[in-house]
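Everything below belongs to protein_2.csv, which stores CSV, C-alpha atoms and all ligand atoms.
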chain,number,residue,atom,x,y,z
A,279,MET,CA,6.3,7.4,-24.6
A,280,GLY,CA,10.0,7.1,-23.8
A,281,LYS,CA,12.1,4.5,-25.6
A,282,ASP,CA,13.1,2.9,-22.3
A,283,LYS,CA,9.4,2.4,-21.3
A,284,LEU,CA,8.6,0.8,-24.7
A,285,ARG,CA,11.6,-1.5,-24.4
A,286,ARG,CA,10.4,-2.6,-21.0
A,287,PHE,CA,6.9,-3.2,-22.2
A,288,ALA,CA,8.2,-5.3,-25.1
A,289,GLU,CA,10.4,-7.3,-22.7
A,290,ASN,CA,7.5,-7.8,-20.3
A,291,GLU,CA,5.8,-9.8,-23.2
A,292,THR,CA,8.6,-12.2,-23.2
A,293,PHE,CA,8.7,-13.0,-19.5
A,294,PRO,CA,7.2,-16.4,-18.6
A,295,ASN,CA,6.0,-15.2,-15.2
A,296,MET,CA,4.4,-11.9,-16.3
A,297,PHE,CA,0.7,-12.0,-16.9
A,298,GLN,CA,-1.2,-9.1,-18.5
A,299,TYR,CA,-4.5,-9.2,-20.4
A,300,LYS,CA,-7.0,-6.7,-21.6
A,301,TYR,CA,-10.1,-6.6,-19.3
A,302,GLU,CA,-12.4,-7.0,-22.4
A,303,ASP,CA,-10.4,-10.1,-23.5
A,304,LEU,CA,-10.7,-11.8,-20.2
A,305,LYS,CA,-14.4,-10.8,-19.8
A,306,ASN,CA,-15.3,-12.1,-23.2
A,307,SER,CA,-13.4,-15.4,-22.9
A,308,GLU,CA,-13.5,-18.2,-20.4
A,309,GLY,CA,-11.5,-16.1,-18.1
A,310,PHE,CA,-7.9,-16.2,-16.8
A,311,ALA,CA,-6.7,-19.8,-17.3
A,312,LEU,CA,-4.7,-20.0,-14.0
A,313,LYS,CA,-7.6,-18.7,-11.8
A,314,GLY,CA,-8.1,-21.4,-9.2
A,315,SER,CA,-5.0,-23.4,-10.4
A,316,TRP,CA,-2.0,-21.2,-9.8
A,317,LYS,CA,-0.4,-23.7,-7.5
A,318,LYS,CA,-0.9,-26.8,-9.7
A,319,ASN,CA,-0.5,-25.4,-13.2
A,320,PHE,CA,2.0,-22.5,-12.7
A,321,PHE,CA,4.1,-23.0,-9.5
A,322,LYS,CA,3.8,-26.8,-9.7
A,323,ASN,CA,3.7,-27.1,-5.9
A,324,ASN,CA,1.1,-26.8,-3.1
A,325,ASN,CA,2.7,-23.9,-1.3
A,326,PRO,CA,0.7,-20.9,0.0
A,327,ILE,CA,0.3,-17.9,-2.3
A,328,VAL,CA,1.2,-14.4,-1.1
A,329,LEU,CA,0.2,-11.3,-3.0
A,330,GLU,CA,1.9,-7.8,-3.0
A,331,LEU,CA,-0.7,-5.3,-4.1
A,332,GLY,CA,0.7,-2.1,-5.8
A,333,CYS,CA,4.1,-3.9,-5.9
A,334,GLY,CA,5.8,-1.1,-8.0
A,335,LYS,CA,9.2,-2.5,-8.8
A,336,GLY,CA,8.5,-5.6,-6.8
A,337,GLU,CA,11.2,-5.4,-4.1
A,338,TYR,CA,9.0,-7.1,-1.5
A,339,THR,CA,7.7,-9.8,-3.9
A,340,VAL,CA,11.2,-10.8,-5.0
A,341,GLY,CA,12.9,-10.3,-1.6
A,342,LEU,CA,10.3,-12.4,0.2
A,343,ALA,CA,10.4,-15.0,-2.5
A,344,LYS,CA,14.2,-15.5,-1.9
A,345,GLN,CA,13.6,-15.5,1.9
A,346,TYR,CA,10.7,-18.0,1.7
A,347,PRO,CA,11.3,-20.6,-1.1
A,348,ASN,CA,8.3,-22.6,0.4
A,349,LYS,CA,5.8,-19.9,-0.5
A,350,ASN,CA,4.7,-18.5,-3.8
A,351,PHE,CA,4.7,-14.7,-4.4
A,352,ILE,CA,2.8,-12.7,-6.9
A,353,GLY,CA,3.3,-8.9,-7.4
A,354,VAL,CA,0.2,-7.0,-8.7
A,355,ASP,CA,0.4,-3.5,-10.2
A,356,ILE,CA,-0.9,-1.6,-13.2
A,357,LYS,CA,2.4,0.0,-14.1
A,358,GLY,CA,4.3,-2.4,-16.4
A,359,ALA,CA,7.5,-0.3,-16.6
A,360,ARG,CA,7.9,-0.5,-12.8
A,361,MET,CA,7.0,-4.2,-12.6
A,362,TRP,CA,9.6,-5.0,-15.3
A,363,ARG,CA,12.3,-4.4,-12.7
A,364,GLY,CA,11.2,-7.1,-10.3
A,365,CYS,CA,10.2,-9.5,-13.1
A,366,LYS,CA,13.6,-9.1,-14.8
A,367,THR,CA,15.4,-9.8,-11.6
A,368,SER,CA,13.3,-12.9,-10.9
A,369,VAL,CA,14.0,-14.3,-14.4
A,370,GLU,CA,17.8,-13.4,-14.3
A,371,GLU,CA,18.2,-15.0,-10.9
A,372,LYS,CA,16.0,-18.0,-11.8
A,373,ILE,CA,13.7,-17.4,-8.8
A,374,ASN,CA,10.9,-19.9,-9.5
A,375,ASN,CA,8.4,-18.9,-6.8
A,376,VAL,CA,7.6,-15.5,-8.3
A,377,ALA,CA,5.1,-14.1,-10.8
A,378,PHE,CA,3.6,-10.7,-11.6
A,379,VAL,CA,0.1,-9.8,-12.7
A,380,ARG,CA,-0.4,-6.5,-14.4
A,381,THR,CA,-3.9,-5.4,-13.7
A,382,HIS,CA,-6.1,-3.0,-11.8
A,383,ILE,CA,-6.5,-4.3,-8.2
A,384,GLN,CA,-10.2,-3.6,-8.6
A,385,VAL,CA,-10.6,-6.8,-10.7
A,386,LEU,CA,-8.3,-9.1,-8.6
A,387,ASP,CA,-11.0,-11.7,-8.4
A,388,MET,CA,-10.7,-12.2,-12.2
A,389,TYR,CA,-7.2,-13.7,-11.5
A,390,PHE,CA,-7.7,-15.5,-8.2
A,391,ALA,CA,-10.4,-17.9,-7.0
A,392,GLU,CA,-12.0,-18.2,-3.6
A,393,ASN,CA,-9.5,-19.4,-0.9
A,394,GLU,CA,-6.6,-19.3,-3.4
A,395,VAL,CA,-4.6,-16.6,-1.5
A,396,SER,CA,-3.1,-17.0,2.0
A,397,GLU,CA,-1.6,-13.6,2.6
A,398,ILE,CA,-1.6,-10.0,1.2
A,399,TRP,CA,1.0,-7.3,1.5
A,400,ILE,CA,-0.1,-3.7,0.7
A,401,THR,CA,3.1,-1.7,0.5
A,402,PHE,CA,3.0,2.1,0.4
A,403,PRO,CA,-0.2,2.5,-1.5
A,404,ASP,CA,-1.4,5.9,-2.7
A,405,PRO,CA,-3.2,7.3,0.4
A,406,GLN,CA,-6.0,8.8,-1.8
A,407,LEU,CA,-6.6,11.5,0.8
A,408,LYS,CA,-9.5,13.0,-1.1
A,409,LYS,CA,-11.1,9.7,-2.2
A,410,PRO,CA,-11.5,7.3,0.7
A,411,ASN,CA,-13.4,4.8,-1.5
A,412,LYS,CA,-10.2,4.4,-3.6
A,413,ARG,CA,-8.0,3.5,-0.7
A,414,LEU,CA,-6.7,0.0,-0.9
A,415,THR,CA,-7.9,-0.6,2.7
A,416,SER,CA,-11.4,0.8,2.3
A,417,PRO,CA,-14.3,-1.7,3.0
A,418,ARG,CA,-14.9,-2.1,-0.7
A,419,PHE,CA,-11.4,-3.4,-1.2
A,420,LEU,CA,-11.4,-5.5,1.9
A,421,ASP,CA,-14.6,-7.2,0.6
A,422,LEU,CA,-12.7,-8.0,-2.6
A,423,TYR,CA,-9.8,-9.5,-0.7
A,424,SER,CA,-12.1,-11.6,1.5
A,425,LYS,CA,-13.3,-13.2,-1.8
A,426,ILE,CA,-9.9,-14.7,-2.5
A,427,LEU,CA,-8.3,-15.1,0.9
A,428,ILE,CA,-8.3,-18.3,2.9
A,429,GLU,CA,-10.0,-18.2,6.3
A,430,LYS,CA,-7.8,-16.3,8.7
A,431,GLY,CA,-5.7,-15.1,5.9
A,432,ILE,CA,-3.4,-12.3,6.9
A,433,ILE,CA,-3.2,-8.8,5.4
A,434,HIS,CA,-0.2,-6.4,6.0
A,435,LEU,CA,-0.3,-2.7,5.4
A,436,LYS,CA,2.9,-0.6,5.4
A,437,THR,CA,2.6,3.1,4.8
A,438,ASP,CA,4.2,6.4,5.5
A,439,SER,CA,0.8,8.1,5.6
A,440,GLN,CA,-0.4,8.7,9.1
A,441,GLU,CA,-3.8,9.5,7.6
A,442,LEU,CA,-4.1,6.2,5.9
A,443,TYR,CA,-2.9,4.4,9.0
A,444,ASP,CA,-5.4,6.1,11.3
A,445,TYR,CA,-8.2,5.6,8.8
A,446,THR,CA,-7.5,1.9,8.3
A,447,LEU,CA,-7.0,1.2,12.0
A,448,ASN,CA,-10.0,3.2,13.4
A,449,GLU,CA,-12.5,3.8,10.7
A,450,VAL,CA,-12.2,0.4,9.0
A,451,LEU,CA,-10.7,-2.3,11.2
A,452,LEU,CA,-11.9,-1.3,14.7
A,453,ALA,CA,-15.2,0.0,13.4
A,454,HIS,CA,-15.9,-3.3,11.6
A,455,LYS,CA,-14.6,-5.5,14.4
A,456,LYS,CA,-11.7,-7.0,12.4
A,457,THR,CA,-8.8,-8.7,14.1
A,458,ILE,CA,-5.8,-6.5,14.5
A,459,LEU,CA,-2.7,-8.7,15.1
A,460,LEU,CA,-0.1,-5.9,15.3
A,461,SER,CA,0.0,-2.2,14.7
A,462,THR,CA,2.5,0.6,15.2
A,463,ASN,CA,2.7,4.2,14.0
A,464,ASN,CA,6.5,4.1,14.1
A,465,LEU,CA,7.8,0.7,12.8
A,466,TYR,CA,11.5,1.5,13.0
A,467,GLY,CA,11.1,2.8,16.6
A,468,SER,CA,9.2,-0.3,17.7
A,469,ASP,CA,10.3,-3.7,18.7
A,470,ILE,CA,8.5,-5.4,15.8
A,471,LEU,CA,11.1,-7.5,14.0
A,472,GLU,CA,9.7,-9.9,11.4
A,473,ASP,CA,10.0,-9.7,7.7
A,474,VAL,CA,8.3,-6.4,7.8
A,475,ILE,CA,11.6,-4.5,8.2
A,476,SER,CA,14.0,-7.0,6.6
A,477,ILE,CA,13.2,-5.7,3.1
A,478,ARG,CA,12.6,-2.1,2.1
A,479,THR,CA,10.6,-1.1,-0.9
A,480,PHE,CA,11.6,1.7,-3.3
A,481,TYR,CA,9.2,4.2,-1.7
A,482,GLU,CA,10.1,3.0,1.8
A,483,SER,CA,13.7,3.9,1.3
A,484,ILE,CA,12.8,7.4,0.0
A,485,TYR,CA,10.5,8.0,3.0
A,486,LEU,CA,13.1,6.7,5.5
A,487,ASN,CA,15.8,9.0,4.0
A,488,GLN,CA,13.3,11.9,4.5
A,489,GLY,CA,13.1,10.9,8.2
A,490,LYS,CA,9.4,10.0,7.9
A,491,PRO,CA,8.0,7.4,10.3
A,492,ILE,CA,6.8,4.2,8.7
A,493,THR,CA,3.5,2.7,10.0
A,494,TYR,CA,2.5,-0.9,10.0
A,495,ILE,CA,-0.7,-2.9,10.6
A,496,LYS,CA,-1.1,-6.7,10.4
A,497,PHE,CA,-4.7,-7.9,10.5
A,498,GLN,CA,-7.3,-10.5,9.6
A,499,LEU,CA,-10.7,-10.0,8.1
A,501,LIG,C1,3.4,4.7,-4.2
A,501,LIG,S1,3.6,3.3,-5.2
A,501,LIG,C2,4.4,2.1,-4.2
A,501,LIG,C3,5.1,1.0,-4.9
A,501,LIG,C4,5.8,0.0,-4.0
A,501,LIG,N1,4.9,-0.8,-3.3
A,501,LIG,C5,6.9,0.7,-3.2
A,501,LIG,O1,6.6,0.7,-1.9
A,501,LIG,O2,7.9,1.1,-3.7
A,501,LIG,C6,2.0,2.7,-5.4
A,501,LIG,C7,1.8,1.7,-6.5
A,501,LIG,O3,0.5,1.2,-6.5
A,501,LIG,C8,0.1,1.0,-7.8
A,501,LIG,N2,-1.4,1.1,-7.8
A,501,LIG,C9,-2.1,2.1,-7.2
A,501,LIG,N3,-3.5,1.9,-7.4
A,501,LIG,C10,-3.6,0.7,-8.1
A,501,LIG,C11,-4.7,0.0,-8.6
A,501,LIG,N4,-5.9,0.3,-8.3
A,501,LIG,N5,-4.4,-1.2,-9.3
A,501,LIG,C12,-3.1,-1.5,-9.5
A,501,LIG,N6,-2.0,-0.8,-9.1
A,501,LIG,C13,-2.3,0.3,-8.4
A,501,LIG,C14,0.7,2.2,-8.6
A,501,LIG,O4,0.8,1.9,-10.0
A,501,LIG,C15,2.1,2.2,-7.9
A,501,LIG,O5,3.1,1.4,-8.5

Rewrite the coordinates I just gave you, this time as structure tokens.
Amino acid sequence: MGKDKLRRFAENETFPNMFQYKYEDLKNSEGFALKGSWKKNFFKNNNPIVLELGCGKGEYTVGLAKQYPNKNFIGVDIKGARMWRGCKTSVEEKINNVAFVRTHIQVLDMYFAENEVSEIWITFPDPQLKKPNKRLTSPRFLDLYSKILIEKGIIHLKTDSQELYDYTLNEVLLAHKKTILLSTNNLYGSDILEDVISIRTFYESIYLNQGKPITYIKFQL
């Protein structure tokens, strides 16, 4: 492993707003201490919690946190060296409404309790073209999100993958009668303004530079 990665992993251990545990340790203990009490015991406020799943370097998490000081933002990803970037920025800039959880999204409900989360952003997930079951918008994952989301909680999907967009819209949301609040297969050619275009993620900038259309769906379960 490269020295830079090791340095980032070591620094991650020192950040007060980075949480990472071994699955076995959580499973064999009383569980994650902040589950069900993020607001009271970590953020020390009663503001809504917003997750970014597959946050990578955390541009959305940090950017939205600056824009909305009255909400709490938590970036989730499995790659510590990427998350280090967002976490470092939040610590350096003393942004208090940000945290990061390093985990597989598959076990999200080990970190968040029922009704604990108000909104979820899924930003440029791997489209998993050959493995529909692994897509972060597959029914299996939506069931998981429904365990932790408040009633009428909102989910946003932003992706460059037309396949993932079509699959999510037609095979999952329409087929299962979910509420679609907004959808476009060309966000930057649409009249959708909102936060959704005010911050670009790392991958989004790459795709935009390549001239790829960005798609967007806002929905409820
Ligand atoms: C293509 S990158 C997008 C990163 C960022 N959202 C962006 O737009 O720049 C996908 C990210 O999702 C993370 N990821 C994919 N599947 C995951 C899973 N099951 N659990 C946790 N993270 C996952 C990867 O580690 C990666 O950082």

Q: With only C-alpha atoms and all ligand atoms counted, collect every polymer residue having an atom within 9 Å of ligand LIG 501 (chain A); state the result as a VMD selection string.
A: chain A and resid 330 to 338 354 to 358 360 to 361 380 to 386 399 to 405 412 to 414 436 to 437 478 to 484

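Those residues that approach His454 (chain A) to within 12 Å, counting all atoms listed in the file, are Ser416, Pro417, Leu420, Asp421, Thr446, Leu447, Asn448, Glu449, Val450, Ile458, Gln498 and Leu499 of chain A; same-chain residues fewer than 4 positions away are not listed.
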
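You will find CA of Pro410 (chain A) at 25.1 Å from CA of Leu486 (chain A).
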
Q.
Considering all atoms listed in the file, can you say which of A:Gly314, A:Pro294, A:Gly431, A:Gly353 comes closest to Phe390 (chain A)?
A. A:Gly314

Q. Distance CA of Ile398 (chain A)-CA of Leu427 (chain A), one decimal place?
A. 8.4 Å

Q: Could you please determine the separation between CA of Met279 (chain A) and CA of Lys300 (chain A) in Å, to one decimal place?
A: 19.6 Å

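Closest approach to Ala377 (chain A) from the set A:Glu392, A:Met296, A:Leu284, A:Gln345 is made by A:Met296, with distances taken over all atoms listed in the file.
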
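Using all atoms listed in the file, the shortest contact distance between Ala343 (chain A) and any of A:His434, A:Val376, A:Asn319, A:Ser307 is found at A:Val376.
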
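Using all atoms listed in the file, the nearest neighbour of Phe320 (chain A) within the list A:Thr339, A:Cys365, A:Asn375, A:Gln298 is A:Asn375.
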